[in-house]
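Enquirer: The structure's right below; bear with me while I get my questions together.
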Amino acid sequence: TFYENEKDDGIVDTYTVQIERAPGHGAVAGLRVPGCGEWTFAYYSNGTLFDYTYDGPAGACEPSADVVAVAYPTQVPTPAPSQVPTAYHNLDFPACGVKIFEGGKNVVSDCARDEWIEEGEQANRFGCCDTITNACVRKADPPRAGRGLDGKDNDCFWKSDTGDPRATHWHFAHETCTDLGLKLCDVESVASAGCGKHGTGLKCHLDGERLWTNIPCDADTPGYDATCELATPVPTAMATEEEEEPTGLDLDEAIFELEEDWGLDIHWSDAPTLLPTYASTDSTTDAVTNAETPTETPTET
């Protein structure tokens, strides 16, 4: 839905427009506004905009509710479901940590359990991967507006706005790649998690360095701590119900439990009577007995 601020009456009008997105990172590649025309956008490989065209009238354009913008055709068919689980793509840090790759190699250095670590020997850098090809990209080409460059005129993703080295935690790496229309690398290969083969001139000082990934650690990862699998059970919202003692209303259940617990062979004929007994009194009353009242047997005539 497209919104226009109508200055004459102060009412905001809405119009249905058509948007086309580029495969992979989902950037807007085309915009058709009814009564105005079409915009098309072009991007660099890192997802930043570098050019656009417009085929509508010059100057301000007023959308029209009487015109229907033609829908864009589907660019690629819907992919078939994968035969393997989808790679981890959630901003929640995996409970057992993520794999740290050595830059320029297909080598897992260790397992990082601390998502916020930024300094010391465990400080990590990162590159970003294409969402379709999984190829790692180390820098913006051309450089992003307002960014400082390093000594070799590179706009490296992991470096600061002034082009200087800086400490990076996992969330910063994840968000930086996502904002660029890319992703934090999640495929184990030298071209992806290793961010390019060592010595091929990819620059940005990632070769031989520790690189963040979005690949959860497993039992084969160096430094893996199996205690991470012992999750604390979630407390129940309601109190556990206490067992009720058997009463005369569920005597059959009580007898069944006795038979189960003690191996007793109890039958209904052995069960005590449920009729109450009465205490004796000094008053002259008839005693309550369980004796059956004799009856006269009818004689045959």
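By order of appearance in the structure tokens: chains A, B, ..., then residues from 1 within every chain, and ligands from 1 in the order shown.
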What's around A:Asp164 at 12 Å? Count only C-alpha atoms, leave out sequence neighbours fewer than 4 positions away in its own chain, and write the answer as an NGL selection string.
Expert: :A and (147-160 or 204-205)
Enquirer: So that I have them on file, write out the residues from the current selection with all heavy atoms, as a compact mmCIF listing (two decimals), in the first residue's frame.
Expert:
```txt
# COMPACT_ATOMS: atom_id res chain seq x y z
N ARG A 147 31.49 6.60 4.68
CA ARG A 147 32.37 5.67 5.36
C ARG A 147 33.83 6.03 5.10
O ARG A 147 34.23 6.38 3.98
CB ARG A 147 32.13 4.24 4.84
CG ARG A 147 30.80 3.64 5.25
CD ARG A 147 30.91 2.92 6.56
NE ARG A 147 31.89 1.83 6.48
CZ ARG A 147 32.18 1.06 7.53
NH1 ARG A 147 31.59 1.29 8.70
NH2 ARG A 147 33.07 0.08 7.41
N GLY A 148 34.63 5.94 6.16
CA GLY A 148 36.06 6.12 5.99
C GLY A 148 36.68 4.84 5.45
O GLY A 148 36.15 3.74 5.66
N LEU A 149 37.81 4.96 4.76
CA LEU A 149 38.46 3.80 4.16
C LEU A 149 39.75 3.48 4.90
O LEU A 149 40.32 4.34 5.59
CB LEU A 149 38.76 4.09 2.69
CG LEU A 149 37.57 4.55 1.84
CD1 LEU A 149 38.01 4.80 0.41
CD2 LEU A 149 36.43 3.53 1.88
N ASP A 150 40.18 2.23 4.75
CA ASP A 150 41.44 1.87 5.39
C ASP A 150 42.61 2.34 4.52
O ASP A 150 42.42 3.05 3.53
CB ASP A 150 41.50 0.36 5.64
CG ASP A 150 41.50 -0.46 4.36
OD1 ASP A 150 41.62 0.12 3.27
OD2 ASP A 150 41.36 -1.70 4.46
N GLY A 151 43.82 1.93 4.86
CA GLY A 151 45.00 2.40 4.15
C GLY A 151 45.06 1.99 2.69
O GLY A 151 45.83 2.55 1.91
N LYS A 152 44.24 1.01 2.29
CA LYS A 152 44.23 0.55 0.90
C LYS A 152 42.90 0.90 0.22
O LYS A 152 42.51 0.26 -0.76
CB LYS A 152 44.48 -0.95 0.85
CG LYS A 152 45.87 -1.33 1.37
CD LYS A 152 46.12 -2.83 1.23
CE LYS A 152 47.52 -3.18 1.72
NZ LYS A 152 47.81 -4.64 1.59
N ASP A 153 42.23 1.91 0.76
CA ASP A 153 40.97 2.42 0.18
C ASP A 153 39.87 1.36 0.15
O ASP A 153 39.06 1.30 -0.78
CB ASP A 153 41.20 2.96 -1.24
CG ASP A 153 42.11 4.18 -1.25
OD1 ASP A 153 42.12 4.90 -0.24
OD2 ASP A 153 42.82 4.38 -2.25
N ASN A 154 39.81 0.53 1.17
CA ASN A 154 38.76 -0.49 1.27
C ASN A 154 37.74 -0.11 2.33
O ASN A 154 38.10 0.37 3.41
CB ASN A 154 39.37 -1.85 1.62
CG ASN A 154 40.30 -2.36 0.55
OD1 ASN A 154 39.95 -2.34 -0.63
ND2 ASN A 154 41.48 -2.82 0.94
N ASP A 155 36.46 -0.36 2.01
CA ASP A 155 35.37 -0.19 2.98
C ASP A 155 35.05 -1.57 3.54
O ASP A 155 34.12 -2.25 3.10
CB ASP A 155 34.15 0.43 2.30
CG ASP A 155 32.97 0.58 3.25
OD1 ASP A 155 33.14 0.35 4.47
OD2 ASP A 155 31.86 0.88 2.77
N CYS A 156 35.86 -2.02 4.50
CA CYS A 156 35.71 -3.36 5.07
C CYS A 156 34.56 -3.39 6.06
O CYS A 156 34.42 -2.50 6.91
CB CYS A 156 37.01 -3.78 5.76
SG CYS A 156 38.45 -3.76 4.65
N PHE A 157 33.74 -4.43 5.97
CA PHE A 157 32.54 -4.52 6.80
C PHE A 157 32.86 -4.51 8.29
O PHE A 157 32.14 -3.92 9.08
CB PHE A 157 31.75 -5.78 6.46
CG PHE A 157 31.22 -5.81 5.05
CD1 PHE A 157 31.16 -7.00 4.34
CD2 PHE A 157 30.79 -4.66 4.42
CE1 PHE A 157 30.67 -7.03 3.05
CE2 PHE A 157 30.31 -4.67 3.14
CZ PHE A 157 30.25 -5.87 2.43
N TRP A 158 33.93 -5.20 8.70
CA TRP A 158 34.20 -5.35 10.12
C TRP A 158 34.89 -4.13 10.73
O TRP A 158 34.95 -4.00 11.96
CB TRP A 158 35.05 -6.60 10.38
CG TRP A 158 36.49 -6.48 9.97
CD1 TRP A 158 37.01 -6.73 8.74
CD2 TRP A 158 37.58 -6.11 10.81
NE1 TRP A 158 38.38 -6.52 8.74
CE2 TRP A 158 38.75 -6.15 10.01
CE3 TRP A 158 37.71 -5.75 12.15
CZ2 TRP A 158 40.01 -5.84 10.49
CZ3 TRP A 158 38.97 -5.44 12.65
CH2 TRP A 158 40.10 -5.48 11.82
N LYS A 159 35.39 -3.22 9.89
CA LYS A 159 36.11 -2.06 10.42
C LYS A 159 35.15 -0.92 10.75
O LYS A 159 33.98 -0.93 10.38
CB LYS A 159 37.16 -1.61 9.41
CG LYS A 159 38.28 -2.65 9.22
CD LYS A 159 39.40 -2.14 8.33
CE LYS A 159 40.52 -3.16 8.23
NZ LYS A 159 41.64 -2.70 7.39
N SER A 160 35.66 0.08 11.44
CA SER A 160 34.84 1.19 11.91
C SER A 160 34.49 2.14 10.77
O SER A 160 34.98 2.00 9.64
CB SER A 160 35.58 1.96 13.01
OG SER A 160 36.71 2.64 12.46
N CYS A 204 41.25 -6.65 3.35
CA CYS A 204 40.49 -6.41 4.59
C CYS A 204 41.01 -7.17 5.80
O CYS A 204 40.33 -7.24 6.83
CB CYS A 204 39.00 -6.70 4.40
SG CYS A 204 38.17 -5.40 3.44
N HIS A 205 42.22 -7.74 5.71
CA HIS A 205 42.88 -8.32 6.88
C HIS A 205 42.03 -9.40 7.58
O HIS A 205 41.83 -9.36 8.79
CB HIS A 205 43.24 -7.21 7.89
CG HIS A 205 44.08 -6.13 7.32
ND1 HIS A 205 43.55 -4.97 6.81
CD2 HIS A 205 45.44 -6.05 7.14
CE1 HIS A 205 44.54 -4.19 6.36
NE2 HIS A 205 45.68 -4.83 6.54
```
Enquirer: Show me, as a list of chain:residue names, the residues that have an atom within 8 Å of stretch 99-112 of chain A when counting only C-alpha atoms, minus same-chain residues fewer than 2 positions from it.
Expert: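 After dropping sequence-adjacent residues, the list is A:Gly97, A:Asp114, A:Glu115, A:Glu188, A:Ser189, A:Val190, A:Ala193, A:Gly194, A:Cys195, A:Gly196, A:Lys197, A:His198, A:Gly199, A:Leu206, A:Asp207, A:Gly208, A:Glu209, A:Arg210, A:Leu211, A:Trp212, A:Thr213, A:Asn214, A:Ile215, A:Pro216, A:Cys217, A:Thr221, A:Pro222, A:Gly223, A:Tyr224.
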Enquirer: Export, as a compact mmCIF listing (two decimals), in the first residue's frame, the selected residues with N, CA and C atoms.
Expert:
```
# COMPACT_ATOMS: atom_id res chain seq x y z
N GLY A 97 26.77 -22.34 21.19
CA GLY A 97 27.77 -21.50 20.56
C GLY A 97 27.83 -21.65 19.05
N ASP A 114 30.61 -17.33 23.95
CA ASP A 114 30.29 -15.97 24.39
C ASP A 114 30.00 -15.11 23.17
N GLU A 115 28.74 -14.73 23.00
CA GLU A 115 28.34 -13.96 21.83
C GLU A 115 28.78 -12.50 21.88
N GLU A 188 29.91 -24.22 5.61
CA GLU A 188 31.30 -24.57 5.89
C GLU A 188 32.07 -24.80 4.60
N SER A 189 32.80 -23.79 4.16
CA SER A 189 33.68 -23.90 3.00
C SER A 189 34.64 -22.72 3.04
N VAL A 190 35.73 -22.83 2.29
CA VAL A 190 36.71 -21.75 2.26
C VAL A 190 36.13 -20.52 1.59
N ALA A 193 32.33 -19.63 4.85
CA ALA A 193 32.73 -19.31 6.22
C ALA A 193 34.18 -18.88 6.32
N GLY A 194 35.05 -19.41 5.43
CA GLY A 194 36.45 -19.00 5.43
C GLY A 194 36.69 -17.68 4.74
N CYS A 195 35.67 -17.15 4.06
CA CYS A 195 35.69 -15.85 3.40
C CYS A 195 36.79 -15.70 2.36
N GLY A 196 36.96 -16.73 1.52
CA GLY A 196 37.90 -16.62 0.41
C GLY A 196 39.25 -17.24 0.70
N LYS A 197 39.84 -17.81 -0.33
CA LYS A 197 41.11 -18.51 -0.17
C LYS A 197 42.23 -17.55 0.19
N HIS A 198 43.06 -17.98 1.11
CA HIS A 198 44.19 -17.16 1.57
C HIS A 198 45.13 -16.81 0.41
N GLY A 199 45.55 -15.54 0.38
CA GLY A 199 46.53 -15.11 -0.59
C GLY A 199 45.98 -14.78 -1.97
N LEU A 206 41.54 -10.35 6.78
CA LEU A 206 40.79 -11.47 7.35
C LEU A 206 41.57 -12.78 7.28
N ASP A 207 42.58 -12.87 6.41
CA ASP A 207 43.34 -14.12 6.30
C ASP A 207 44.04 -14.43 7.61
N GLY A 208 43.85 -15.66 8.09
CA GLY A 208 44.49 -16.10 9.32
C GLY A 208 43.82 -15.58 10.58
N GLU A 209 42.77 -14.79 10.45
CA GLU A 209 42.08 -14.24 11.62
C GLU A 209 40.86 -15.10 12.00
N ARG A 210 40.37 -14.91 13.21
CA ARG A 210 39.18 -15.62 13.70
C ARG A 210 37.93 -14.93 13.14
N LEU A 211 37.06 -15.69 12.49
CA LEU A 211 35.88 -15.12 11.85
C LEU A 211 34.60 -15.66 12.47
N TRP A 212 33.69 -14.74 12.78
CA TRP A 212 32.36 -15.14 13.25
C TRP A 212 31.63 -15.89 12.14
N THR A 213 30.78 -16.85 12.50
CA THR A 213 29.87 -17.51 11.56
C THR A 213 28.49 -17.63 12.22
N ASN A 214 27.56 -18.13 11.46
CA ASN A 214 26.23 -18.44 11.99
C ASN A 214 26.00 -19.95 11.91
N ILE A 215 27.06 -20.72 12.20
CA ILE A 215 27.00 -22.17 12.16
C ILE A 215 27.08 -22.69 13.59
N PRO A 216 26.01 -23.29 14.11
CA PRO A 216 26.03 -23.80 15.49
C PRO A 216 27.12 -24.85 15.69
N CYS A 217 27.72 -24.85 16.85
CA CYS A 217 28.73 -25.85 17.19
C CYS A 217 28.07 -27.23 17.33
N THR A 221 33.15 -30.08 17.05
CA THR A 221 33.80 -28.77 17.05
C THR A 221 34.83 -28.68 18.16
N PRO A 222 36.07 -28.25 17.87
CA PRO A 222 37.07 -28.09 18.94
C PRO A 222 36.54 -27.16 20.04
N GLY A 223 36.72 -27.59 21.29
CA GLY A 223 36.27 -26.78 22.41
C GLY A 223 34.79 -26.92 22.73
N TYR A 224 34.11 -27.88 22.11
CA TYR A 224 32.67 -28.05 22.35
C TYR A 224 32.44 -28.50 23.78
```
Enquirer: Name the residues of stretch 38-155 of chain A that come out as strand (DSSP E or B) in a backbone DSSP run; write them as a PyMOL selection string.
Expert: chain A and resi 38-43+49-54+98-102+108-112+124-125+128-129+136-137+139-140+155
Enquirer: Would you put the residues from that selection into a file with N, CA and C atoms, as an mmCIF file, in the first residue's frame?
Expert:
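out-v4.cif, freshly written:
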```cif
data_model
loop_
_atom_site.group_PDB
_atom_site.id
_atom_site.type_symbol
_atom_site.label_atom_id
_atom_site.label_comp_id
_atom_site.auth_asym_id
_atom_site.auth_seq_id
_atom_site.Cartn_x
_atom_site.Cartn_y
_atom_site.Cartn_z
ATOM 1 N N GLU A 38 6.886 3.864 -13.579
ATOM 2 C CA GLU A 38 7.671 2.802 -12.951
ATOM 3 C C GLU A 38 9.086 3.271 -12.647
ATOM 4 N N TRP A 39 9.547 2.908 -11.466
ATOM 5 C CA TRP A 39 10.935 3.103 -11.068
ATOM 6 C C TRP A 39 11.626 1.744 -11.089
ATOM 7 N N THR A 40 12.859 1.716 -11.559
ATOM 8 C CA THR A 40 13.684 0.512 -11.481
ATOM 9 C C THR A 40 14.984 0.871 -10.783
ATOM 10 N N PHE A 41 15.492 -0.054 -9.952
ATOM 11 C CA PHE A 41 16.667 0.217 -9.125
ATOM 12 C C PHE A 41 17.747 -0.818 -9.409
ATOM 13 N N ALA A 42 18.996 -0.379 -9.385
ATOM 14 C CA ALA A 42 20.137 -1.264 -9.600
ATOM 15 C C ALA A 42 21.039 -1.208 -8.376
ATOM 16 N N TYR A 43 21.660 -2.347 -8.033
ATOM 17 C CA TYR A 43 22.458 -2.461 -6.822
ATOM 18 C C TYR A 43 23.822 -3.061 -7.129
ATOM 19 N N LEU A 49 22.577 0.540 -3.178
ATOM 20 C CA LEU A 49 22.003 1.135 -4.385
ATOM 21 C C LEU A 49 23.034 2.012 -5.107
ATOM 22 N N PHE A 50 23.108 1.886 -6.451
ATOM 23 C CA PHE A 50 24.002 2.775 -7.180
ATOM 24 C C PHE A 50 23.308 3.505 -8.324
ATOM 25 N N ASP A 51 22.077 3.105 -8.745
ATOM 26 C CA ASP A 51 21.423 3.819 -9.830
ATOM 27 C C ASP A 51 19.943 3.458 -9.872
ATOM 28 N N TYR A 52 19.133 4.344 -10.513
ATOM 29 C CA TYR A 52 17.722 4.043 -10.715
ATOM 30 C C TYR A 52 17.232 4.783 -11.954
ATOM 31 N N THR A 53 16.137 4.321 -12.528
ATOM 32 C CA THR A 53 15.510 4.977 -13.682
ATOM 33 C C THR A 53 14.025 5.176 -13.393
ATOM 34 N N TYR A 54 13.413 6.151 -14.121
ATOM 35 C CA TYR A 54 11.993 6.438 -13.932
ATOM 36 C C TYR A 54 11.416 6.813 -15.289
ATOM 37 N N VAL A 98 28.736 -20.898 18.422
ATOM 38 C CA VAL A 98 28.909 -20.944 16.961
ATOM 39 C C VAL A 98 30.360 -21.284 16.632
ATOM 40 N N LYS A 99 30.533 -21.822 15.437
ATOM 41 C CA LYS A 99 31.859 -22.185 14.983
ATOM 42 C C LYS A 99 32.639 -20.941 14.553
ATOM 43 N N ILE A 100 33.908 -20.894 14.946
ATOM 44 C CA ILE A 100 34.817 -19.834 14.530
ATOM 45 C C ILE A 100 35.741 -20.400 13.449
ATOM 46 N N PHE A 101 35.745 -19.752 12.281
ATOM 47 C CA PHE A 101 36.586 -20.204 11.173
ATOM 48 C C PHE A 101 37.873 -19.382 11.105
ATOM 49 N N GLU A 102 38.907 -20.002 10.562
ATOM 50 C CA GLU A 102 40.145 -19.285 10.304
ATOM 51 C C GLU A 102 40.059 -18.663 8.918
ATOM 52 N N VAL A 108 37.904 -24.996 11.044
ATOM 53 C CA VAL A 108 37.183 -24.535 12.231
ATOM 54 C C VAL A 108 38.185 -24.383 13.366
ATOM 55 N N SER A 109 38.344 -23.180 13.870
ATOM 56 C CA SER A 109 39.317 -22.935 14.937
ATOM 57 C C SER A 109 38.819 -23.465 16.269
ATOM 58 N N ASP A 110 37.604 -23.114 16.632
ATOM 59 C CA ASP A 110 37.035 -23.539 17.905
ATOM 60 C C ASP A 110 35.565 -23.142 17.964
ATOM 61 N N CYS A 111 34.986 -23.331 19.136
ATOM 62 C CA CYS A 111 33.575 -23.007 19.367
ATOM 63 C C CYS A 111 33.485 -21.787 20.282
ATOM 64 N N ALA A 112 32.785 -20.757 19.839
ATOM 65 C CA ALA A 112 32.615 -19.543 20.644
ATOM 66 C C ALA A 112 31.299 -19.627 21.409
ATOM 67 N N ASN A 124 37.072 -11.512 17.436
ATOM 68 C CA ASN A 124 36.757 -12.067 16.117
ATOM 69 C C ASN A 124 36.407 -10.976 15.108
ATOM 70 N N ARG A 125 36.656 -11.259 13.832
ATOM 71 C CA ARG A 125 36.276 -10.392 12.727
ATOM 72 C C ARG A 125 35.216 -11.110 11.908
ATOM 73 N N CYS A 128 30.699 -11.107 5.107
ATOM 74 C CA CYS A 128 29.273 -11.377 4.911
ATOM 75 C C CYS A 128 29.094 -12.224 3.653
ATOM 76 N N CYS A 129 28.070 -13.067 3.648
ATOM 77 C CA CYS A 129 27.862 -13.993 2.537
ATOM 78 C C CYS A 129 26.616 -13.647 1.738
ATOM 79 N N CYS A 136 31.426 -15.453 0.171
ATOM 80 C CA CYS A 136 31.731 -14.426 1.166
ATOM 81 C C CYS A 136 32.222 -13.140 0.498
ATOM 82 N N VAL A 137 31.787 -12.011 1.030
ATOM 83 C CA VAL A 137 32.200 -10.680 0.581
ATOM 84 C C VAL A 137 32.851 -9.984 1.773
ATOM 85 N N LYS A 139 34.168 -6.623 1.631
ATOM 86 C CA LYS A 139 34.097 -5.161 1.636
ATOM 87 C C LYS A 139 33.033 -4.677 0.660
ATOM 88 N N ALA A 140 32.602 -3.417 0.861
ATOM 89 C CA ALA A 140 31.619 -2.800 -0.024
ATOM 90 C C ALA A 140 32.328 -2.284 -1.277
ATOM 91 N N ASP A 155 36.457 -0.364 2.008
ATOM 92 C CA ASP A 155 35.373 -0.191 2.981
ATOM 93 C C ASP A 155 35.047 -1.569 3.537
#
```
Enquirer: Determine the nearest neighbour of A:Lys183 from the options A:Leu230, A:Ala65, A:Val12, A:Ala135, counting only C-alpha atoms.
Expert: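 Among the listed residues, A:Ala135 lies closest to A:Lys183.
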Enquirer: Between atom CA of A:Ala27 and atom CA of A:Arg138, what is the spacing in Å?
Expert: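 The value is 19.7 Å.
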Enquirer: How far is it from atom CA of A:Thr131 to atom CA of A:His169, in Å with one decimal?
Expert: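 If I compute the distance from atom CA of A:Thr131 to atom CA of A:His169, I get 21.1 Å.
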Enquirer: Do a neighbour search on A:Ser64 at 6 Å with only C-alpha atoms, toss out local chain neighbours closer than 3 positions, and write the hits as a list of chain:residue names.
Expert: A:Pro34, A:Gly35, A:Val67
Enquirer: Using N, CA and C atoms, can you write the selected residues to a file as a compact mmCIF listing (two decimals), in the first residue's frame?
Expert:
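Dumped everything to out_3.txt:
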```
# COMPACT_ATOMS: atom_id res chain seq x y z
N PRO A 34 0.32 3.52 -9.83
CA PRO A 34 -0.75 3.79 -10.79
C PRO A 34 -0.86 5.28 -11.10
N GLY A 35 -0.83 5.61 -12.40
CA GLY A 35 -0.93 6.99 -12.83
C GLY A 35 0.38 7.74 -12.87
N VAL A 67 -6.46 3.81 -11.96
CA VAL A 67 -5.53 3.02 -12.77
C VAL A 67 -4.98 1.89 -11.91
```
Enquirer: As an exercise, work out the distance from atom CA of A:Thr227 to atom CA of A:Arg113 in Å and give it to one decimal place.
Expert: 11.7 Å
Enquirer: Give me every alpha helix (DSSP H) residue in stretch 74-208 of chain A, going by DSSP on the backbone, as a PDB file with N, CA and C atoms, in the first residue's frame.
Expert:
```pdb
ATOM      1  N   TRP A 170      29.172 -10.945  18.071  1.00  0.00           N
ATOM      2  CA  TRP A 170      28.394 -11.743  17.110  1.00  0.00           C
ATOM      3  C   TRP A 170      27.151 -11.007  16.623  1.00  0.00           C
ATOM      4  N   HIS A 171      26.459 -10.311  17.513  1.00  0.00           N
ATOM      5  CA  HIS A 171      25.234  -9.609  17.124  1.00  0.00           C
ATOM      6  C   HIS A 171      25.538  -8.468  16.152  1.00  0.00           C
ATOM      7  N   PHE A 172      26.641  -7.770  16.373  1.00  0.00           N
ATOM      8  CA  PHE A 172      27.021  -6.700  15.448  1.00  0.00           C
ATOM      9  C   PHE A 172      27.286  -7.277  14.063  1.00  0.00           C
ATOM     10  N   ALA A 173      28.012  -8.385  14.001  1.00  0.00           N
ATOM     11  CA  ALA A 173      28.313  -9.011  12.719  1.00  0.00           C
ATOM     12  C   ALA A 173      27.033  -9.450  12.021  1.00  0.00           C
ATOM     13  N   HIS A 174      26.144 -10.074  12.762  1.00  0.00           N
ATOM     14  CA  HIS A 174      24.881 -10.561  12.189  1.00  0.00           C
ATOM     15  C   HIS A 174      24.054  -9.402  11.638  1.00  0.00           C
ATOM     16  N   GLU A 175      23.910  -8.343  12.415  1.00  0.00           N
ATOM     17  CA  GLU A 175      23.077  -7.216  12.005  1.00  0.00           C
ATOM     18  C   GLU A 175      23.706  -6.443  10.842  1.00  0.00           C
ATOM     19  N   THR A 176      25.032  -6.302  10.842  1.00  0.00           N
ATOM     20  CA  THR A 176      25.696  -5.598   9.747  1.00  0.00           C
ATOM     21  C   THR A 176      25.436  -6.300   8.417  1.00  0.00           C
ATOM     22  N   CYS A 177      25.607  -7.611   8.397  1.00  0.00           N
ATOM     23  CA  CYS A 177      25.383  -8.365   7.166  1.00  0.00           C
ATOM     24  C   CYS A 177      23.926  -8.290   6.726  1.00  0.00           C
ATOM     25  N   THR A 178      23.002  -8.417   7.672  1.00  0.00           N
ATOM     26  CA  THR A 178      21.577  -8.363   7.334  1.00  0.00           C
ATOM     27  C   THR A 178      21.200  -7.014   6.760  1.00  0.00           C
ATOM     28  N   ASP A 179      21.710  -5.931   7.346  1.00  0.00           N
ATOM     29  CA  ASP A 179      21.399  -4.585   6.859  1.00  0.00           C
ATOM     30  C   ASP A 179      21.944  -4.350   5.444  1.00  0.00           C
TER      31      ASP A 179
END
```
Enquirer: Return the single residue from A:Arg32, A:Glu119, A:Gly37, A:Ala191 that is closest to A:Pro57, with distances computed using only C-alpha atoms.
Expert: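 For A:Pro57, the nearest of the candidates is A:Gly37.
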